[in-house]
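Quick look at final-v7.tsv (TSV, C-alpha atoms):
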```tsv
chain	number	residue	atom	x	y	z
A	151	MET	CA	-2.49	15.04	3.21
A	152	GLY	CA	-0.43	11.88	3.63
A	153	VAL	CA	0.27	11.53	-0.11
A	154	HIS	CA	3.84	10.93	-1.28
A	155	VAL	CA	5.34	11.44	-4.74
A	156	HIS	CA	8.36	10.62	-6.83
A	157	TYR	CA	9.59	14.09	-7.75
A	158	ASP	CA	10.44	14.07	-11.44
A	159	LEU	CA	13.92	15.31	-12.35
A	160	HIS	CA	14.48	13.20	-15.46
A	161	GLN	CA	14.03	15.97	-18.03
A	162	LEU	CA	16.81	17.95	-16.35
A	163	ALA	CA	19.02	15.00	-15.38
A	164	THR	CA	19.25	13.70	-18.95
A	165	LEU	CA	20.24	17.02	-20.51
A	166	PRO	CA	23.83	17.44	-21.76
A	167	ASP	CA	26.45	18.28	-19.13
A	168	THR	CA	26.47	22.10	-18.91
A	169	PRO	CA	26.84	24.53	-15.96
A	170	SER	CA	23.29	25.87	-16.47
A	171	LYS	CA	21.88	22.34	-16.12
A	172	TRP	CA	23.41	21.83	-12.68
A	173	GLN	CA	22.36	25.29	-11.54
A	174	LEU	CA	18.76	24.57	-12.55
A	175	MET	CA	18.81	21.18	-10.82
A	176	GLU	CA	20.19	22.63	-7.60
A	177	THR	CA	17.54	25.36	-7.56
A	178	GLU	CA	14.74	22.90	-8.18
A	179	ILE	CA	15.89	20.37	-5.56
A	180	LYS	CA	16.35	23.04	-2.89
A	181	THR	CA	12.86	24.36	-3.67
A	182	VAL	CA	11.16	21.03	-2.85
A	183	MET	CA	13.58	19.09	-0.65
A	184	ASN	CA	11.92	20.07	2.64
A	185	HIS	CA	8.40	19.30	1.49
A	186	PRO	CA	7.01	16.29	3.41
A	187	ALA	CA	5.33	14.85	0.30
A	188	VAL	CA	8.62	14.27	-1.58
A	189	ALA	CA	9.46	10.58	-1.12
A	190	ALA	CA	12.15	10.16	-3.79
A	191	TYR	CA	13.69	11.75	-6.86
A	192	TYR	CA	12.93	10.21	-10.26
A	193	LEU	CA	16.15	10.50	-12.25
A	194	ALA	CA	15.52	8.67	-15.53
A	195	ASP	CA	12.62	7.26	-17.54
A	196	GLU	CA	13.63	4.20	-19.57
A	197	PRO	CA	17.22	5.39	-20.11
A	198	GLY	CA	18.20	2.27	-22.06
A	199	GLY	CA	15.47	2.76	-24.65
A	200	ASN	CA	16.38	6.44	-24.96
A	201	GLY	CA	20.12	5.88	-25.32
A	202	ILE	CA	21.14	7.75	-22.16
A	203	ASP	CA	24.80	7.35	-21.23
A	204	PRO	CA	25.13	5.63	-17.80
A	205	ALA	CA	28.01	7.98	-16.94
A	206	LEU	CA	25.73	11.01	-17.38
A	207	LEU	CA	23.19	9.56	-14.93
A	208	GLU	CA	25.91	8.59	-12.46
A	209	LYS	CA	27.07	12.21	-12.38
A	210	ALA	CA	23.47	13.37	-11.92
A	211	TYR	CA	23.01	10.84	-9.11
A	212	ASP	CA	26.08	12.15	-7.26
A	213	PHE	CA	24.92	15.73	-7.77
A	214	VAL	CA	21.42	15.12	-6.36
A	215	LYS	CA	22.84	13.26	-3.37
A	216	GLY	CA	25.16	16.18	-2.72
A	217	VAL	CA	22.19	18.55	-2.48
A	218	ASP	CA	19.73	16.22	-0.69
A	219	PRO	CA	21.36	13.07	0.74
A	220	ASN	CA	18.22	12.03	2.64
A	221	ARG	CA	15.97	10.75	-0.13
A	222	PRO	CA	16.41	7.77	-2.47
A	223	ILE	CA	16.79	8.07	-6.22
A	224	THR	CA	14.74	5.95	-8.62
A	225	GLU	CA	14.88	5.03	-12.30
A	226	VAL	CA	12.55	2.93	-14.42
A	227	PHE	CA	13.76	0.39	-17.00
A	228	CYS	CA	11.96	-1.27	-19.90
A	229	CYS	CA	14.30	-2.69	-22.55
A	230	VAL	CA	17.73	-2.87	-20.92
A	231	ASP	CA	19.27	-4.74	-18.03
A	232	PRO	CA	19.14	-2.35	-15.06
A	233	ALA	CA	22.60	-3.55	-14.03
A	234	LYS	CA	23.95	-1.27	-16.77
A	235	TYR	CA	22.84	1.74	-14.66
A	236	ILE	CA	23.45	0.24	-11.23
A	237	ASN	CA	25.50	3.19	-9.94
A	238	SER	CA	22.81	5.78	-10.62
A	239	PHE	CA	19.80	4.61	-8.58
A	240	ASP	CA	18.84	3.43	-5.09
A	241	ILE	CA	15.50	1.86	-5.99
A	242	GLY	CA	15.09	0.14	-9.33
A	243	MET	CA	11.81	0.15	-11.23
A	244	ALA	CA	10.56	-1.77	-14.26
A	245	ASP	CA	7.55	-1.19	-16.49
A	246	PRO	CA	6.69	-4.36	-18.39
A	247	TYR	CA	3.34	-3.72	-20.08
A	248	PRO	CA	2.17	-7.18	-21.23
A	249	ILE	CA	-1.54	-6.71	-21.96
A	250	PRO	CA	-2.93	-7.93	-24.33
A	251	THR	CA	-0.05	-9.50	-26.27
A	252	SER	CA	1.51	-11.45	-23.40
A	253	SER	CA	0.79	-13.01	-20.02
A	254	PRO	CA	0.99	-11.06	-16.75
A	255	PHE	CA	3.57	-13.64	-15.69
A	256	ILE	CA	6.12	-11.96	-18.01
A	257	ILE	CA	6.65	-9.51	-15.13
A	258	THR	CA	8.92	-12.11	-13.51
A	259	VAL	CA	11.55	-11.62	-16.23
A	260	LYS	CA	12.08	-7.99	-15.20
A	261	VAL	CA	11.81	-8.93	-11.54
A	262	ASN	CA	14.74	-11.33	-11.89
A	263	GLN	CA	16.87	-8.59	-13.48
A	264	LEU	CA	16.06	-6.19	-10.65
A	265	ILE	CA	16.76	-8.83	-7.99
A	266	ALA	CA	20.19	-9.38	-9.53
A	267	THR	CA	21.12	-5.73	-8.81
A	268	GLY	CA	20.77	-6.37	-5.07
A	269	LYS	CA	18.68	-3.24	-4.67
A	270	PRO	CA	15.02	-2.83	-3.65
A	271	PHE	CA	12.62	-2.40	-6.54
A	272	PHE	CA	9.14	-1.29	-7.62
A	273	ILE	CA	7.04	-2.65	-10.47
A	274	VAL	CA	5.12	-0.16	-12.61
A	275	VAL	CA	1.86	-1.93	-13.43
A	276	GLN	CA	0.13	-1.29	-16.76
A	277	SER	CA	-3.19	0.53	-16.29
A	278	PHE	CA	-3.74	1.90	-19.79
A	279	GLY	CA	-4.39	0.65	-23.31
A	280	GLY	CA	-6.29	1.26	-26.54
A	281	GLY	CA	-3.46	2.98	-28.42
A	282	GLU	CA	0.13	2.66	-29.66
A	283	ILE	CA	1.00	-1.07	-29.46
A	284	TRP	CA	-1.55	-1.86	-26.73
A	285	GLU	CA	-4.91	-2.72	-28.29
A	286	ARG	CA	-6.81	-2.64	-25.01
A	287	GLN	CA	-6.34	-1.88	-21.34
A	288	PRO	CA	-6.07	-4.61	-18.70
A	289	THR	CA	-9.17	-6.17	-17.21
A	290	PRO	CA	-9.65	-5.96	-13.42
A	291	ALA	CA	-8.45	-9.57	-13.09
A	292	GLU	CA	-5.29	-8.73	-15.04
A	293	GLU	CA	-4.62	-5.64	-12.89
A	294	ARG	CA	-4.93	-7.92	-9.87
A	295	ALA	CA	-2.68	-10.60	-11.32
A	296	MET	CA	0.11	-8.20	-12.29
A	297	THR	CA	-0.01	-6.51	-8.90
A	298	TYR	CA	0.17	-9.70	-6.87
A	299	ILE	CA	2.80	-11.33	-9.09
A	300	ALA	CA	5.00	-8.26	-8.47
A	301	MET	CA	4.37	-8.41	-4.74
A	302	LEU	CA	4.91	-12.17	-4.49
A	303	THR	CA	8.24	-11.95	-6.31
A	304	GLY	CA	9.72	-9.29	-4.03
A	305	ALA	CA	8.62	-5.80	-5.11
A	306	ILE	CA	8.55	-3.30	-2.25
A	307	GLY	CA	6.26	-0.91	-4.12
A	308	ILE	CA	3.67	-0.70	-6.89
A	309	GLN	CA	2.94	2.23	-9.18
A	310	TYR	CA	0.07	2.12	-11.67
A	311	PHE	CA	0.98	3.84	-14.92
A	312	VAL	CA	-1.70	5.83	-16.73
A	313	ARG	CA	-1.35	7.85	-19.91
A	314	SER	CA	-3.50	10.74	-18.73
A	315	PRO	CA	-5.30	11.04	-15.38
A	316	GLY	CA	-9.05	10.91	-15.91
A	317	GLN	CA	-8.69	9.30	-19.36
A	318	PHE	CA	-6.60	6.18	-18.84
A	319	PRO	CA	-7.69	3.79	-17.62
A	320	TYR	CA	-11.01	4.85	-19.06
A	321	ALA	CA	-12.87	1.83	-17.65
A	322	GLU	CA	-14.02	2.54	-14.11
A	323	THR	CA	-13.93	-1.19	-13.36
A	324	SER	CA	-10.15	-1.34	-13.89
A	325	TRP	CA	-9.44	1.85	-11.95
A	326	SER	CA	-11.70	0.67	-9.13
A	327	GLU	CA	-9.68	-2.56	-8.99
A	328	CYS	CA	-6.48	-0.53	-8.57
A	329	ARG	CA	-8.10	1.32	-5.65
A	330	ARG	CA	-9.24	-1.95	-4.14
A	331	LEU	CA	-5.76	-3.45	-4.46
A	332	SER	CA	-4.21	-0.47	-2.69
A	333	LEU	CA	-6.55	-1.04	0.25
A	334	GLU	CA	-5.76	-4.76	0.31
A	335	PHE	CA	-2.05	-4.00	0.39
A	336	ARG	CA	-2.62	-1.69	3.31
A	337	GLU	CA	-4.36	-4.51	5.15
A	338	LEU	CA	-1.39	-6.78	4.34
A	339	SER	CA	1.25	-4.23	5.40
A	340	SER	CA	1.55	-5.80	8.87
A	341	ALA	CA	3.05	-8.83	7.12
A	342	ILE	CA	4.64	-7.78	3.83
A	343	LEU	CA	6.08	-4.44	4.98
A	344	ILE	CA	6.92	-4.71	8.68
A	345	GLY	CA	6.34	-8.35	9.54
A	346	GLY	CA	8.79	-11.16	9.95
A	347	PRO	CA	10.84	-12.89	7.25
A	348	ARG	CA	9.34	-14.44	4.15
A	349	VAL	CA	8.05	-17.99	4.51
A	350	ASN	CA	8.84	-20.54	1.81
A	351	VAL	CA	5.61	-21.81	0.27
A	352	THR	CA	5.91	-24.58	-2.33
A	353	PRO	CA	2.61	-25.24	-4.13
A	354	SER	CA	2.04	-28.74	-5.43
A	355	ILE	CA	0.86	-27.32	-8.77
A	356	SER	CA	3.26	-25.46	-11.06
A	357	GLN	CA	0.72	-22.87	-12.23
A	358	ILE	CA	0.39	-21.53	-8.69
A	359	LEU	CA	2.82	-18.84	-7.50
A	360	ALA	CA	2.75	-18.43	-3.71
A	361	THR	CA	4.74	-16.69	-0.97
A	362	GLY	CA	4.29	-16.28	2.78
A	363	TRP	CA	5.32	-13.67	5.35
A	364	GLY	CA	5.64	-13.75	9.10
A	365	GLU	CA	3.09	-11.55	10.86
A	366	ARG	CA	4.29	-8.71	13.10
A	367	VAL	CA	2.14	-9.92	16.03
A	368	ASN	CA	0.91	-13.17	17.57
A	369	GLY	CA	3.31	-15.45	15.67
A	370	THR	CA	0.94	-15.90	12.73
A	371	TRP	CA	1.82	-15.77	9.06
A	372	VAL	CA	0.17	-14.72	5.82
A	373	VAL	CA	0.29	-16.61	2.52
A	374	ALA	CA	-0.79	-15.19	-0.85
A	375	ALA	CA	-1.21	-17.20	-4.03
A	376	VAL	CA	-1.78	-16.44	-7.73
A	377	ASN	CA	-3.04	-18.73	-10.47
A	378	VAL	CA	-0.83	-17.65	-13.37
A	379	GLU	CA	-2.63	-19.59	-16.11
A	380	ASN	CA	-6.06	-19.30	-17.69
A	381	SER	CA	-7.45	-22.57	-16.34
A	382	PRO	CA	-9.15	-23.64	-13.11
A	383	VAL	CA	-7.13	-25.50	-10.51
A	384	THR	CA	-7.49	-27.05	-7.08
A	385	LEU	CA	-4.63	-26.34	-4.67
A	386	PRO	CA	-4.53	-28.64	-1.62
A	387	LEU	CA	-3.15	-27.33	1.66
A	388	PRO	CA	-1.04	-29.27	4.16
A	389	PRO	CA	-2.97	-31.27	6.80
A	390	ARG	CA	-4.92	-29.33	9.40
A	391	ARG	CA	-2.67	-30.58	12.18
A	392	SER	CA	0.16	-28.38	10.83
A	393	LEU	CA	-2.11	-25.46	9.86
A	394	PRO	CA	-4.83	-25.50	12.50
A	395	ALA	CA	-6.91	-22.63	11.11
A	396	ARG	CA	-7.13	-20.38	8.10
A	397	ARG	CA	-9.19	-17.36	7.19
A	398	ALA	CA	-9.49	-15.55	3.88
A	399	LEU	CA	-8.31	-11.97	4.40
A	400	PHE	CA	-10.55	-10.71	1.62
A	401	PRO	CA	-13.80	-12.72	1.64
A	402	ALA	CA	-14.95	-11.35	-1.72
A	403	ALA	CA	-11.84	-12.67	-3.48
A	404	VAL	CA	-11.89	-15.97	-5.35
A	405	ASP	CA	-10.68	-18.80	-3.15
A	406	VAL	CA	-7.49	-20.20	-4.69
A	407	VAL	CA	-7.32	-22.92	-2.05
A	408	ALA	CA	-10.62	-24.31	-3.24
A	409	ARG	CA	-11.75	-24.63	-6.85
A	410	LEU	CA	-11.03	-21.64	-9.09
A	411	PRO	CA	-13.79	-20.81	-11.58
A	412	PRO	CA	-12.94	-20.48	-15.30
A	413	LEU	CA	-11.39	-17.09	-16.01
A	414	GLY	CA	-11.52	-14.68	-18.93
A	415	ALA	CA	-8.78	-14.39	-21.54
A	416	THR	CA	-5.30	-14.31	-19.94
A	417	ALA	CA	-6.89	-13.53	-16.58
A	418	CYS	CA	-5.49	-14.67	-13.27
A	419	VAL	CA	-6.84	-14.67	-9.74
A	420	LYS	CA	-5.28	-14.35	-6.29
A	421	THR	CA	-6.26	-14.50	-2.67
A	422	ALA	CA	-4.50	-14.25	0.70
A	423	TYR	CA	-4.84	-16.28	3.90
A	424	ARG	CA	-3.70	-15.96	7.48
A	425	PHE	CA	-2.63	-19.00	9.55
A	426	PRO	CA	-4.03	-19.14	12.19
A	427	PRO	CA	-6.44	-16.19	12.50
A	428	ILE	CA	-5.44	-13.32	14.77
A	429	LYS	CA	-7.14	-13.69	18.15
A	430	SER	CA	-8.10	-10.61	20.13
A	431	THR	CA	-7.42	-11.33	23.80
A	432	GLN	CA	-6.84	-7.98	25.45
A	433	VAL	CA	-10.22	-6.23	25.10
A	434	ASN	CA	-11.97	-6.04	28.46
A	435	PRO	CA	-15.26	-7.95	28.14
A	436	ALA	CA	-16.93	-5.17	30.13
A	437	ASN	CA	-16.04	-2.63	27.43
A	438	LEU	CA	-19.25	-0.94	26.27
A	439	LEU	CA	-17.97	0.19	22.87
A	440	ALA	CA	-18.69	-1.76	19.71
A	441	ASN	CA	-15.45	-2.88	18.05
A	442	PRO	CA	-13.31	-0.77	20.41
A	443	SER	CA	-9.93	-1.56	18.85
A	444	PHE	CA	-11.12	-1.59	15.22
A	445	GLU	CA	-10.42	-5.31	14.92
A	446	GLN	CA	-13.63	-5.94	13.00
A	447	VAL	CA	-12.94	-4.87	9.42
A	448	THR	CA	-15.63	-6.14	7.09
A	449	SER	CA	-14.09	-4.25	4.17
A	450	PRO	CA	-10.44	-3.12	4.03
A	451	SER	CA	-10.02	0.50	5.22
A	452	GLY	CA	-13.50	0.89	6.72
A	453	PRO	CA	-13.76	0.74	10.52
A	454	ASP	CA	-16.89	-1.00	11.78
A	455	GLY	CA	-18.80	0.18	14.86
A	456	ALA	CA	-18.59	3.93	14.32
A	457	TYR	CA	-19.72	6.81	12.14
A	458	LEU	CA	-16.94	8.85	10.54
A	459	ASN	CA	-18.56	12.19	9.87
A	460	VAL	CA	-17.73	14.05	6.65
A	461	PRO	CA	-15.18	16.78	7.41
A	462	ALA	CA	-15.07	20.37	6.24
A	463	ASP	CA	-11.66	19.70	4.62
A	464	HIS	CA	-12.14	17.04	1.95
A	465	GLY	CA	-8.40	16.44	1.93
A	466	SER	CA	-8.83	14.65	5.25
A	467	THR	CA	-8.60	10.86	5.20
A	468	TYR	CA	-9.26	7.86	7.40
A	469	LEU	CA	-7.98	4.30	7.05
A	470	THR	CA	-7.68	1.24	9.23
A	471	ASP	CA	-4.00	0.57	9.79
A	472	THR	CA	-2.26	-2.75	10.52
A	473	ARG	CA	1.17	-1.23	11.14
A	474	PHE	CA	0.29	-0.14	14.69
A	475	SER	CA	-2.08	-1.56	17.27
A	476	VAL	CA	-2.72	-2.01	20.98
A	477	ASP	CA	-5.02	-5.02	20.81
A	478	GLY	CA	-4.91	-7.48	17.94
A	479	LEU	CA	-3.82	-6.04	14.62
A	480	HIS	CA	-5.63	-2.80	13.79
A	481	SER	CA	-5.77	0.87	14.64
A	482	LEU	CA	-7.46	3.82	12.94
A	483	GLN	CA	-5.37	6.41	11.11
A	484	LEU	CA	-6.78	9.93	10.76
A	485	THR	CA	-5.08	12.53	8.58
A	486	THR	CA	-6.14	16.13	9.22
A	487	PRO	CA	-4.36	18.68	6.99
A	488	THR	CA	-6.42	21.65	8.32
A	489	LYS	CA	-6.80	22.10	12.06
A	490	GLY	CA	-10.29	21.38	13.32
A	491	GLN	CA	-11.58	20.29	9.90
A	492	GLY	CA	-10.83	16.57	9.87
A	493	PHE	CA	-12.95	13.48	10.34
A	494	THR	CA	-14.73	12.95	13.63
A	495	VAL	CA	-15.30	9.45	14.98
A	496	GLU	CA	-18.67	8.78	16.59
A	497	PRO	CA	-18.80	5.33	18.23
A	498	PHE	CA	-21.93	3.24	18.01
A	499	ASN	CA	-24.49	4.27	20.62
A	500	ILE	CA	-24.00	3.14	24.22
A	501	ARG	CA	-26.29	3.56	27.22
A	502	LEU	CA	-25.04	5.38	30.29
A	503	ASP	CA	-26.75	4.84	33.63
A	504	LYS	CA	-27.37	7.48	36.28
A	505	ASP	CA	-25.05	7.63	39.30
A	506	THR	CA	-22.55	5.31	37.62
A	507	GLU	CA	-18.85	6.00	37.13
A	508	TYR	CA	-17.32	5.15	33.76
A	509	GLU	CA	-13.70	4.96	32.74
A	510	LEU	CA	-12.61	6.17	29.31
A	511	THR	CA	-9.30	4.72	28.12
A	512	PHE	CA	-7.69	5.42	24.78
A	513	TRP	CA	-4.36	5.15	23.04
A	514	ALA	CA	-3.20	7.73	20.49
A	515	VAL	CA	0.07	8.57	18.79
A	516	SER	CA	0.83	11.48	16.46
A	517	ARG	CA	3.40	11.99	13.73
A	518	GLN	CA	3.89	15.64	14.73
A	519	ALA	CA	4.38	17.40	18.03
A	520	ASN	CA	1.85	19.70	19.68
A	521	LEU	CA	-1.27	18.16	18.15
A	522	THR	CA	-4.57	18.16	20.05
A	523	LEU	CA	-7.03	15.28	20.19
A	524	LEU	CA	-10.49	16.59	21.11
A	525	PHE	CA	-13.21	14.62	22.90
A	526	SER	CA	-16.81	15.73	23.16
A	527	PHE	CA	-19.86	14.06	24.65
A	528	SER	CA	-22.96	14.80	22.60
A	529	ASP	CA	-26.45	13.43	23.09
A	530	LEU	CA	-26.03	13.01	26.86
A	531	THR	CA	-29.38	12.38	28.50
A	532	PRO	CA	-30.50	14.08	31.75
A	533	ALA	CA	-29.37	10.89	33.52
A	534	CYS	CA	-25.87	12.38	33.43
A	535	GLU	CA	-26.50	15.46	35.52
A	536	SER	CA	-23.00	16.04	36.85
A	537	PRO	CA	-20.11	17.24	34.66
A	538	VAL	CA	-18.09	14.58	32.83
A	539	THR	CA	-14.43	14.54	33.86
A	540	VAL	CA	-11.77	12.87	31.69
A	541	HIS	CA	-8.56	11.79	33.43
A	542	CYS	CA	-5.53	11.31	31.16
A	543	VAL	CA	-3.66	8.31	32.56
A	544	HIS	CA	-1.09	8.04	29.77
A	545	SER	CA	-0.38	9.63	26.43
A	546	SER	CA	2.21	9.25	23.69
```
Show me the file's structure as structure tokens.
Amino acid sequence: MGVHVHYDLHQLATLPDTPSKWQLMETEIKTVMNHPAVAAYYLADEPGGNGIDPALLEKAYDFVKGVDPNRPITEVFCCVDPAKYINSFDIGMADPYPIPTSSPFIITVKVNQLIATGKPFFIVVQSFGGGEIWERQPTPAEERAMTYIAMLTGAIGIQYFVRSPGQFPYAETSWSECRRLSLEFRELSSAILIGGPRVNVTPSISQILATGWGERVNGTWVVAAVNVENSPVTLPLPPRRSLPARRALFPAAVDVVARLPPLGATACVKTAYRFPPIKSTQVNPANLLANPSFEQVTSPSGPDGAYLNVPADHGSTYLTDTRFSVDGLHSLQLTTPTKGQGFTVEPFNIRLDKDTEYELTFWAVSRQANLTLLFSFSDLTPACESPVTVHCVHSS
């Protein structure tokens, strides 16, 4: 289905060193290691706070690598310097949960510790509240602030922590914001995941945190900014002669380059811009299809100019994708777990004239071998009396 997981081994990995422990771990790893959904093994949950001996985790790390050397190992840290466990993980994680007693900006303290290890890291963003020491859950603006602060400071991944799926977060507004953020990150993946190097961005106002990335195509770059304080601010940009054009990637977001409105308690706001906008230059002007290369994306993830018909298998998914493209920046990713039961794409209506030859050109790439991409021509009028022939000029 295209979903990946951290496979949890921490309850076994932190047990005392006994032969039965290692036998159980080996059996469990071999049971799941060939499953395509397993992205990493989760070896320890807050080992510092639970008094776990680093040597015990280092032995567990070596054991897991001996069984499955192909996947990274992760650990999450809360109240200890992750450097103490540096030999037992490949990807560090931290779970600072600041709401409501602290500012989202406190995330940078843990970020600096993780950066010092020299290893890639995730931030586990708080998405729960109302119990224990957390009086309430984060607001949508706070979810957004924590997520973008983590991304701007170097995190390669975000995980939202909930106490119980379906119960926390219990406010649909907060959970909807997490969904929206995941779609925004997908739209930004062409820059922050597979683009060029980071671009130094120095705001003229200290309460603004900003970072830029080189774009993977067209020599453009993306800059994202966060207002880390609960007060409005105006952030001027360099003169237009050095930045000839800019476009908000997410039009519904608050414009940090202009005047920010007053925010709620401890709330922060972000937005992202591209300099200059991507220009689509390769689409043939005679092309009859609306939005043929999916460049028009009014809302992240939703392709304009086509119906995507509901599939029989509700595990099927569709998303616009900025990691691959032929023209401009976008393509359309379709995931079809069950053969013949995935989404179908129906382009916006076009008119075909009698006795006229048309050329159909498409680009497609699959993650697996021996997949079939089916084309059908429905709603053809009597004007098309002869059979329709499709010539495959190239495929990959």
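Here atom CA of Asp218 of chain A and atom CA of Asp158 of chain A stand 14.4 Å from one another.
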Which of these, A:Thr168, A:Thr511, A:Ser339, A:Asn368, has the shortest distance to Asn437 of chain A once you count all atoms listed in the file?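 Between A:Thr168, A:Thr511, A:Ser339, A:Asn368, the residue approaching Asn437 of chain A most closely is A:Thr511.
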Quick one: 8 Å padding each side, axis-aligned, all listed atoms of segment 296-312 of chain A - centre and edge lengths in Å to one decimal, as JSON?
```
{"center_x": 4.0, "center_y": -3.2, "center_z": -9.5, "size_x": 27.4, "size_y": 34.0, "size_z": 30.5}
```
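Picture a line from atom CA of Glu509 of chain A to atom CA of Ala456 of chain A; it runs 19.1 Å.
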Exercise: Ser481 of chain A partners within 7 Å, all atoms listed in the file, chain neighbours under 3 positions left out, as a ChimeraX atom specification: /A:443-444,470-472,474-475
Pairwise distance for atom CA of Asp195 of chain A and atom CA of Leu174 of chain A, rounded to one decimal in Å: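 Rounded to one decimal, the two atoms are 19.0 Å apart.
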